Amino acid sequence: MVEERMGDCWSYAKDQFDNLEKHTQWGIEYVEKYTKFVKERSEIETNYAKQIRNLSKKYQPKKNSREEEESKYTFCRAFLTTLNELNDYAGQHEVIAENLTSQIISELSRYLQEIKTERKTHFHDGRKAQQQIESSWKQLESCKRRFERDCKEADRAQQYFEKMDADINVTKADVEKARQQAQMRHQMAADSKNDYSSYLQKFNQEQNEHYFTVIPTIFQKLQDMEERRIERLGVCMKTFADVDRQVLPIVGKCLDGMTKAAECIEPKTDSKQVVESYKSGFEPPGDVEFEDYGQAMKRTASETSLSNSREAKEKPAGKSKGKLWPFIKNKNKGSGPEDFSHLPPEQRRKKLQGKLDELNKDIQKEMDQRDALTKMKDVYVKNPQMGDPASVDPRLSEIGQNIEKLQFELQKFEGWLAEVEERMPSKSDTHRRSGLYETQNSTTVGNNCAQDRESPDGSYTEEQNSETQVKANINPNPTSTTPEFDDEFDDEEVLPTIGTCKALYPFEGHNEGTIAVAEGELLYVIEEDKGDGWTRVRRNEDEEGYVPTSYVEVFLETNAKGAMTYI
């Protein structure tokens with residue numbers, strides 16, 4: 001019964017040891033699984049942040065003239081703010097990925113190495129203790145078997161002695177010998193009994209120490225290790241949530257910035273900006289006169305009326321086609337003349353004012369450089385060892401010449417700006433014409449409408465006498481006459497090629513200024529569409545005109561910039 005109880009107890013302890021070994025191994029594998037989960041989450045955050053940054057970069061405005069135009073509108077500025085805030089938003093997801101890596105993944109990886117080493121040590125001690133108790137058990141079993149064998153031998157020897165002693169035929173010497181053998185066997189059995197008893201006492205002491213001291217100590221260490229593992233896992237799970245919570249204030253600020261930008265959009269302001277950007281400054285045309293063909297008199301078409309078909313046929317090819325000013329197509333696009341005379345008055349004024357601002361900045365920059373060099377020269381004069389004062393003179397002379405050139409350009413553009421502002425209608429005139437137009441005499445109406453006609457090349461022209469006077473002021477020449485000015489103004493500048501196009505559909509091009517194309521024909525693009533639905537193309541040196549943009553497929557060159565369409 002004692003042996004069976006010890007065997008069952010040992011088997012039971014052994015089973016628990018193995019189960020604990022399996023459980024702790026499963027706990028380590030679970031930590032590894034959680035570490036892998038956090039690592040994949042970190043990679044997702046990194047990839048998401050990268051995609052958000054690429055998206056923000058993709059829709060950022062390009063560095064060109066269009067960017068300056070877009071910055072005028074509140075909805076464009078709001079979208080740009082949204083892109084910038086989105087970029088900062090992506091940065092917070094990168095912070096999440098970095099914190100997950102540094103605060104969880106790295107910590108758990110280091111802890112896994114420590115816990116594996118600690119577990120290995122504890123189970124090594126446990127196995128060693130198990131081997132010792134197993135060895136003691138085997139020795140106890142050996143002592144027990146020897147004691148059992150000696151007892152049996154003593155019993156047999158005693159029975160043999162008694163048999164010999166009862167037999168009358170056996171000699172006294174044989175009986176004595178059997179008696180001595182029986183005594184010896186009894187003595188051996190007694191010795192085995194004493195050995196077995198003493199070793200059993202020793203084994204019980206070792207077993208008691210094993211099950212109540214050694215193994216519980218090892219199991220306690222394993223339990224402490226397991227509790228630390230669970231506690232560390234709980235801390236990491238809390239950190240997992242805190243990493244997200246830490247960036248929430250900044251993410252909220254990014255979202256608040258997007259909301260604030262959206263709330264700053266002002267439709268009326270943007271609508272007014274369109275008017276400000278594209279208003280031409282032309283006065284509306286006067287009333288069209290009634291032409292009485294029933295009277296036998298010389299009929300002259302009013303300059304304010306639309307030209308009829310007969311007049312169009314009688315006009316030479318170089319003369320203008322009658323159009324009301326809102327429908328004039330500005331064909332003289334591209335860089336244009338230096339004084340921007342090809343633009344409508346208001347657009348011309350803005351261009352001239354912008355040019356003046358640029359010149360003033362350049363002059364100020366040159367003057368700052370001149371002042372700096374002058375101070376440097378004074379230092380050289382006072383301290384010759386620092387440098388030669390004469391070495392600065394060439395640069396000062398060059399800067400002085402640059403300033404003179406810029407000031408000459410400034411005066412020239414100021415003159416043109418003054419002329420434009422003198423000819424532009426006052427605000428009171430604009431408000432007065434906002435209602436119904438008053439009826440005027442034919443001479444007045446003719447003069448008002450003459451400035452709104454289109455030149456043969458599509459440029460804007462103004463009243464003949466006024467324009468002639470302006471030309472005379474800019475370039476005084478007593479021999480110049482009005483026809484010479486008109487011929488000079490009508491000469492169209494040859495525009496450079498900015499790309500090619502392929503006709504998708506045939507276009508007959510009956511209207512003036514258009515060009516007929518065949519399906520599949522390849523042409524050169526000299527002016528891209530700026531919102532009016534027409535693209536200017538060239539077939540050869542002499543044939544060029546407008547085609548509908550929807551009829552062609554355009555391939556612009558990389559550095560090509562289209563001209564601005566003006567209303």
# chains A, B, ... in the order shown; residues from 1 in each chain; ligands from 1

$ residues_around --residues "A:Leu248" --least-positions-apart "6" --cutoff "12 Å" --atoms "only C-alpha atoms" --output "PyMOL selection string"
chain A and resi 89+92-93+95-96+241-242+254-256

$ write_last_selection --atoms "all heavy atoms" --output "PDB file, in the first residue's frame"
ATOM      1  N   TYR A  89      -1.972  64.700 -40.746  1.00  0.00           N
ATOM      2  CA  TYR A  89      -2.739  63.541 -40.270  1.00  0.00           C
ATOM      3  C   TYR A  89      -1.978  62.244 -40.554  1.00  0.00           C
ATOM      4  O   TYR A  89      -1.926  61.343 -39.709  1.00  0.00           O
ATOM      5  CB  TYR A  89      -4.103  63.542 -40.958  1.00  0.00           C
ATOM      6  CG  TYR A  89      -4.983  62.364 -40.653  1.00  0.00           C
ATOM      7  CD1 TYR A  89      -5.735  62.303 -39.495  1.00  0.00           C
ATOM      8  CD2 TYR A  89      -5.082  61.296 -41.545  1.00  0.00           C
ATOM      9  CE1 TYR A  89      -6.550  61.217 -39.223  1.00  0.00           C
ATOM     10  CE2 TYR A  89      -5.894  60.205 -41.289  1.00  0.00           C
ATOM     11  CZ  TYR A  89      -6.622  60.179 -40.122  1.00  0.00           C
ATOM     12  OH  TYR A  89      -7.427  59.109 -39.864  1.00  0.00           O
ATOM     13  N   GLN A  92       0.730  61.583 -38.037  1.00  0.00           N
ATOM     14  CA  GLN A  92       0.308  61.004 -36.761  1.00  0.00           C
ATOM     15  C   GLN A  92       0.194  59.486 -36.854  1.00  0.00           C
ATOM     16  O   GLN A  92       0.460  58.778 -35.881  1.00  0.00           O
ATOM     17  CB  GLN A  92      -1.028  61.615 -36.324  1.00  0.00           C
ATOM     18  CG  GLN A  92      -0.954  63.101 -36.052  1.00  0.00           C
ATOM     19  CD  GLN A  92       0.197  63.442 -35.130  1.00  0.00           C
ATOM     20  OE1 GLN A  92       0.305  62.899 -34.034  1.00  0.00           O
ATOM     21  NE2 GLN A  92       1.069  64.334 -35.578  1.00  0.00           N
ATOM     22  N   HIS A  93      -0.182  58.982 -38.007  1.00  0.00           N
ATOM     23  CA  HIS A  93      -0.203  57.523 -38.178  1.00  0.00           C
ATOM     24  C   HIS A  93       1.221  56.962 -38.210  1.00  0.00           C
ATOM     25  O   HIS A  93       1.454  55.819 -37.776  1.00  0.00           O
ATOM     26  CB  HIS A  93      -0.957  57.157 -39.455  1.00  0.00           C
ATOM     27  CG  HIS A  93      -2.447  57.269 -39.320  1.00  0.00           C
ATOM     28  ND1 HIS A  93      -3.227  56.263 -38.794  1.00  0.00           N
ATOM     29  CD2 HIS A  93      -3.302  58.284 -39.598  1.00  0.00           C
ATOM     30  CE1 HIS A  93      -4.485  56.626 -38.777  1.00  0.00           C
ATOM     31  NE2 HIS A  93      -4.567  57.862 -39.258  1.00  0.00           N
ATOM     32  N   VAL A  95       3.562  58.269 -36.382  1.00  0.00           N
ATOM     33  CA  VAL A  95       3.887  58.275 -34.947  1.00  0.00           C
ATOM     34  C   VAL A  95       3.325  57.025 -34.271  1.00  0.00           C
ATOM     35  O   VAL A  95       3.988  56.409 -33.418  1.00  0.00           O
ATOM     36  CB  VAL A  95       3.342  59.553 -34.286  1.00  0.00           C
ATOM     37  CG1 VAL A  95       3.482  59.480 -32.772  1.00  0.00           C
ATOM     38  CG2 VAL A  95       4.057  60.781 -34.823  1.00  0.00           C
ATOM     39  N   ILE A  96       2.102  56.646 -34.637  1.00  0.00           N
ATOM     40  CA  ILE A  96       1.509  55.432 -34.076  1.00  0.00           C
ATOM     41  C   ILE A  96       2.382  54.218 -34.398  1.00  0.00           C
ATOM     42  O   ILE A  96       2.673  53.391 -33.517  1.00  0.00           O
ATOM     43  CB  ILE A  96       0.080  55.224 -34.625  1.00  0.00           C
ATOM     44  CG1 ILE A  96      -0.866  56.304 -34.079  1.00  0.00           C
ATOM     45  CG2 ILE A  96      -0.439  53.839 -34.272  1.00  0.00           C
ATOM     46  CD1 ILE A  96      -2.266  56.219 -34.640  1.00  0.00           C
ATOM     47  N   ALA A 241      -3.628  50.711 -26.765  1.00  0.00           N
ATOM     48  CA  ALA A 241      -4.716  51.692 -26.837  1.00  0.00           C
ATOM     49  C   ALA A 241      -4.199  53.106 -26.579  1.00  0.00           C
ATOM     50  O   ALA A 241      -4.636  54.071 -27.220  1.00  0.00           O
ATOM     51  CB  ALA A 241      -5.811  51.337 -25.831  1.00  0.00           C
ATOM     52  N   ASP A 242      -3.242  53.242 -25.641  1.00  0.00           N
ATOM     53  CA  ASP A 242      -2.720  54.578 -25.315  1.00  0.00           C
ATOM     54  C   ASP A 242      -1.976  55.199 -26.485  1.00  0.00           C
ATOM     55  O   ASP A 242      -1.970  56.427 -26.641  1.00  0.00           O
ATOM     56  CB  ASP A 242      -1.792  54.488 -24.097  1.00  0.00           C
ATOM     57  CG  ASP A 242      -2.549  54.164 -22.825  1.00  0.00           C
ATOM     58  OD1 ASP A 242      -3.780  54.392 -22.812  1.00  0.00           O
ATOM     59  OD2 ASP A 242      -1.928  53.685 -21.859  1.00  0.00           O
ATOM     60  N   CYS A 254      -6.051  68.418 -36.661  1.00  0.00           N
ATOM     61  CA  CYS A 254      -6.021  68.312 -38.129  1.00  0.00           C
ATOM     62  C   CYS A 254      -7.436  68.346 -38.697  1.00  0.00           C
ATOM     63  O   CYS A 254      -7.704  69.056 -39.677  1.00  0.00           O
ATOM     64  CB  CYS A 254      -5.306  67.021 -38.552  1.00  0.00           C
ATOM     65  SG  CYS A 254      -3.543  66.958 -38.139  1.00  0.00           S
ATOM     66  N   LEU A 255      -8.323  67.604 -38.086  1.00  0.00           N
ATOM     67  CA  LEU A 255      -9.708  67.579 -38.557  1.00  0.00           C
ATOM     68  C   LEU A 255     -10.381  68.936 -38.332  1.00  0.00           C
ATOM     69  O   LEU A 255     -11.162  69.399 -39.177  1.00  0.00           O
ATOM     70  CB  LEU A 255     -10.492  66.478 -37.842  1.00  0.00           C
ATOM     71  CG  LEU A 255      -9.965  65.053 -38.063  1.00  0.00           C
ATOM     72  CD1 LEU A 255     -10.774  64.053 -37.255  1.00  0.00           C
ATOM     73  CD2 LEU A 255     -10.004  64.686 -39.539  1.00  0.00           C
ATOM     74  N   ASP A 256     -10.044  69.591 -37.201  1.00  0.00           N
ATOM     75  CA  ASP A 256     -10.596  70.926 -36.950  1.00  0.00           C
ATOM     76  C   ASP A 256     -10.090  71.914 -37.992  1.00  0.00           C
ATOM     77  O   ASP A 256     -10.828  72.803 -38.436  1.00  0.00           O
ATOM     78  CB  ASP A 256     -10.200  71.406 -35.550  1.00  0.00           C
ATOM     79  CG  ASP A 256     -10.909  70.607 -34.460  1.00  0.00           C
ATOM     80  OD1 ASP A 256     -11.923  69.950 -34.783  1.00  0.00           O
ATOM     81  OD2 ASP A 256     -10.436  70.633 -33.307  1.00  0.00           O
TER      82      ASP A 256
END

$ atom_distance --atom1 "atom CA of A:Ile218" --atom2 "atom CA of A:Arg110"
23.3 Å

$ residues_around --residues "A:Ser142" --least-positions-apart "5" --cutoff "9 Å" --atoms "only C-alpha atoms" --output "PDB file with all heavy atoms, in the first residue's frame"
ATOM      1  N   TRP A 137      14.376   6.480  -5.626  1.00  0.00           N
ATOM      2  CA  TRP A 137      13.321   5.467  -5.668  1.00  0.00           C
ATOM      3  C   TRP A 137      13.857   4.120  -6.186  1.00  0.00           C
ATOM      4  O   TRP A 137      13.519   3.059  -5.656  1.00  0.00           O
ATOM      5  CB  TRP A 137      12.191   5.966  -6.537  1.00  0.00           C
ATOM      6  CG  TRP A 137      11.117   4.948  -6.825  1.00  0.00           C
ATOM      7  CD1 TRP A 137      10.914   4.274  -7.982  1.00  0.00           C
ATOM      8  CD2 TRP A 137      10.145   4.473  -5.911  1.00  0.00           C
ATOM      9  NE1 TRP A 137       9.864   3.425  -7.889  1.00  0.00           N
ATOM     10  CE2 TRP A 137       9.353   3.527  -6.598  1.00  0.00           C
ATOM     11  CE3 TRP A 137       9.842   4.765  -4.587  1.00  0.00           C
ATOM     12  CZ2 TRP A 137       8.293   2.872  -6.008  1.00  0.00           C
ATOM     13  CZ3 TRP A 137       8.784   4.092  -3.996  1.00  0.00           C
ATOM     14  CH2 TRP A 137       8.028   3.155  -4.699  1.00  0.00           C
ATOM     15  N   PHE A 147      16.073  -7.259   0.452  1.00  0.00           N
ATOM     16  CA  PHE A 147      15.507  -7.665   1.745  1.00  0.00           C
ATOM     17  C   PHE A 147      14.503  -8.792   1.551  1.00  0.00           C
ATOM     18  O   PHE A 147      14.494  -9.783   2.304  1.00  0.00           O
ATOM     19  CB  PHE A 147      14.845  -6.462   2.412  1.00  0.00           C
ATOM     20  CG  PHE A 147      14.050  -6.806   3.630  1.00  0.00           C
ATOM     21  CD1 PHE A 147      14.655  -7.452   4.734  1.00  0.00           C
ATOM     22  CD2 PHE A 147      12.687  -6.538   3.718  1.00  0.00           C
ATOM     23  CE1 PHE A 147      13.906  -7.768   5.860  1.00  0.00           C
ATOM     24  CE2 PHE A 147      11.959  -6.862   4.846  1.00  0.00           C
ATOM     25  CZ  PHE A 147      12.558  -7.472   5.906  1.00  0.00           C
ATOM     26  N   TYR A 196      17.195  -1.736   4.350  1.00  0.00           N
ATOM     27  CA  TYR A 196      15.946  -1.287   3.708  1.00  0.00           C
ATOM     28  C   TYR A 196      15.224  -0.268   4.585  1.00  0.00           C
ATOM     29  O   TYR A 196      14.708   0.742   4.091  1.00  0.00           O
ATOM     30  CB  TYR A 196      15.060  -2.499   3.445  1.00  0.00           C
ATOM     31  CG  TYR A 196      13.681  -2.155   2.953  1.00  0.00           C
ATOM     32  CD1 TYR A 196      13.494  -1.552   1.718  1.00  0.00           C
ATOM     33  CD2 TYR A 196      12.560  -2.436   3.745  1.00  0.00           C
ATOM     34  CE1 TYR A 196      12.223  -1.226   1.281  1.00  0.00           C
ATOM     35  CE2 TYR A 196      11.283  -2.117   3.307  1.00  0.00           C
ATOM     36  CZ  TYR A 196      11.119  -1.503   2.067  1.00  0.00           C
ATOM     37  OH  TYR A 196       9.853  -1.160   1.629  1.00  0.00           O
TER      38      TYR A 196
END

$ atom_distance --atom1 "atom CA of A:Glu421" --atom2 "atom CA of A:Lys350"
10.6 Å

$ atom_distance --atom1 "atom CA of A:Gln385" --atom2 "atom CA of A:Ala372"
19.0 Å

$ residues_around --residues "A:Asp155" --least-positions-apart "2" --cutoff "12 Å" --atoms "only C-alpha atoms" --output "ChimeraX atom specification"
/A:148-153,157-162,181-189

$ write_last_selection --atoms "N, CA and C atoms" --output "CSV table (one decimal), in the first residue's frame"
chain,number,residue,atom,x,y,z
A,148,GLU,N,13.7,-8.7,0.5
A,148,GLU,CA,12.7,-9.8,0.2
A,148,GLU,C,13.4,-11.1,-0.1
A,149,ARG,N,14.5,-10.9,-0.9
A,149,ARG,CA,15.2,-12.1,-1.3
A,149,ARG,C,15.9,-12.8,-0.1
A,150,ASP,N,16.5,-12.0,0.7
A,150,ASP,CA,17.2,-12.5,1.9
A,150,ASP,C,16.2,-13.2,2.9
A,151,CYS,N,15.1,-12.6,3.0
A,151,CYS,CA,14.1,-13.2,3.8
A,151,CYS,C,13.6,-14.6,3.3
A,152,LYS,N,13.4,-14.7,2.1
A,152,LYS,CA,13.1,-16.0,1.5
A,152,LYS,C,14.2,-17.0,1.6
A,153,GLU,N,15.4,-16.6,1.4
A,153,GLU,CA,16.5,-17.5,1.6
A,153,GLU,C,16.7,-17.9,3.0
A,157,ALA,N,16.4,-21.7,4.3
A,157,ALA,CA,17.5,-22.3,5.1
A,157,ALA,C,17.0,-22.8,6.5
A,158,GLN,N,16.0,-22.2,7.1
A,158,GLN,CA,15.4,-22.6,8.3
A,158,GLN,C,14.7,-23.9,8.1
A,159,GLN,N,13.9,-23.9,7.0
A,159,GLN,CA,13.1,-25.2,6.8
A,159,GLN,C,14.1,-26.3,6.5
A,160,TYR,N,15.2,-26.1,5.8
A,160,TYR,CA,16.2,-27.2,5.5
A,160,TYR,C,16.8,-27.7,6.8
A,161,PHE,N,17.1,-26.7,7.7
A,161,PHE,CA,17.7,-27.1,9.0
A,161,PHE,C,16.7,-28.0,9.8
A,162,GLU,N,15.5,-27.5,9.8
A,162,GLU,CA,14.5,-28.3,10.6
A,162,GLU,C,14.3,-29.7,10.0
A,181,GLN,N,24.0,-22.5,8.5
A,181,GLN,CA,23.5,-21.9,7.3
A,181,GLN,C,22.3,-21.1,7.5
A,182,ALA,N,21.4,-21.7,8.3
A,182,ALA,CA,20.1,-21.0,8.6
A,182,ALA,C,20.4,-19.7,9.4
A,183,GLN,N,21.3,-19.8,10.4
A,183,GLN,CA,21.6,-18.6,11.2
A,183,GLN,C,22.2,-17.5,10.3
A,184,MET,N,23.1,-17.9,9.4
A,184,MET,CA,23.7,-16.9,8.5
A,184,MET,C,22.6,-16.3,7.6
A,185,ARG,N,21.7,-17.1,7.1
A,185,ARG,CA,20.7,-16.5,6.3
A,185,ARG,C,19.8,-15.5,7.1
A,186,HIS,N,19.5,-15.9,8.3
A,186,HIS,CA,18.7,-15.0,9.2
A,186,HIS,C,19.5,-13.7,9.4
A,187,GLN,N,20.8,-13.8,9.6
A,187,GLN,CA,21.6,-12.6,9.8
A,187,GLN,C,21.6,-11.7,8.6
A,188,MET,N,21.7,-12.3,7.4
A,188,MET,CA,21.7,-11.5,6.2
A,188,MET,C,20.3,-10.8,6.0
A,189,ALA,N,19.2,-11.6,6.3
A,189,ALA,CA,17.9,-11.0,6.2
A,189,ALA,C,17.8,-9.9,7.2

$ residues_around --residues "A:Gln139" --least-positions-apart "3" --cutoff "10 Å" --atoms "only C-alpha atoms" --output "MDAnalysis selection string"
chainID A and resid 133:136 142:145 196 199:200 203

$ write_last_selection --atoms "C-alpha atoms" --output "PDB file, in the first residue's frame"
ATOM      1  CA  ILE A 133      14.018  11.379  -6.673  1.00  0.00           C
ATOM      2  CA  GLU A 134      13.754   8.745  -9.369  1.00  0.00           C
ATOM      3  CA  SER A 135      17.284   7.589  -8.599  1.00  0.00           C
ATOM      4  CA  SER A 136      16.466   7.395  -4.881  1.00  0.00           C
ATOM      5  CA  SER A 142      16.713  -2.395  -4.936  1.00  0.00           C
ATOM      6  CA  CYS A 143      16.997  -2.487  -1.136  1.00  0.00           C
ATOM      7  CA  LYS A 144      13.458  -3.775  -0.866  1.00  0.00           C
ATOM      8  CA  ARG A 145      14.041  -6.562  -3.350  1.00  0.00           C
ATOM      9  CA  TYR A 196      15.946  -1.287   3.708  1.00  0.00           C
ATOM     10  CA  TYR A 199      17.081   3.778   3.157  1.00  0.00           C
ATOM     11  CA  LEU A 200      13.307   3.884   3.288  1.00  0.00           C
ATOM     12  CA  PHE A 203      13.868   8.187   0.762  1.00  0.00           C
TER      13      PHE A 203
END

$ closest_atom_pairs --of "stretch 42-159 of chain A" --to "stretch 261-277 of chain A" --cutoff "8 Å" --atoms "only C-alpha atoms" --output "Markdown table"
| residue | atom | partner | partner_atom | distance |
| --- | --- | --- | --- | --- |
| A:Lys72 | CA | A:Gln273 | CA | 7.2 |
| A:Tyr73 | CA | A:Asp270 | CA | 5.3 |
| A:Thr74 | CA | A:Ile265 | CA | 5.0 |
| A:Phe75 | CA | A:Ile265 | CA | 5.3 |
| A:Arg77 | CA | A:Ala261 | CA | 7.8 |
| A:Ala78 | CA | A:Ala261 | CA | 4.7 |
| A:Phe79 | CA | A:Ala261 | CA | 7.7 |
| A:Thr81 | CA | A:Ala261 | CA | 6.5 |
| A:Thr82 | CA | A:Ala261 | CA | 7.1 |

$ write_last_selection --atoms "C-alpha atoms" --output "compact mmCIF listing (two decimals), in the first residue's frame"
# COMPACT_ATOMS: atom_id res chain seq x y z
CA LYS A 72 -7.33 83.74 -55.29
CA TYR A 73 -10.34 81.54 -54.60
CA THR A 74 -11.40 80.55 -51.10
CA PHE A 75 -12.40 77.01 -52.09
CA ARG A 77 -7.24 77.70 -50.50
CA ALA A 78 -9.54 75.51 -48.39
CA PHE A 79 -8.61 72.44 -50.44
CA THR A 81 -5.35 73.58 -46.33
CA THR A 82 -7.13 70.22 -46.33
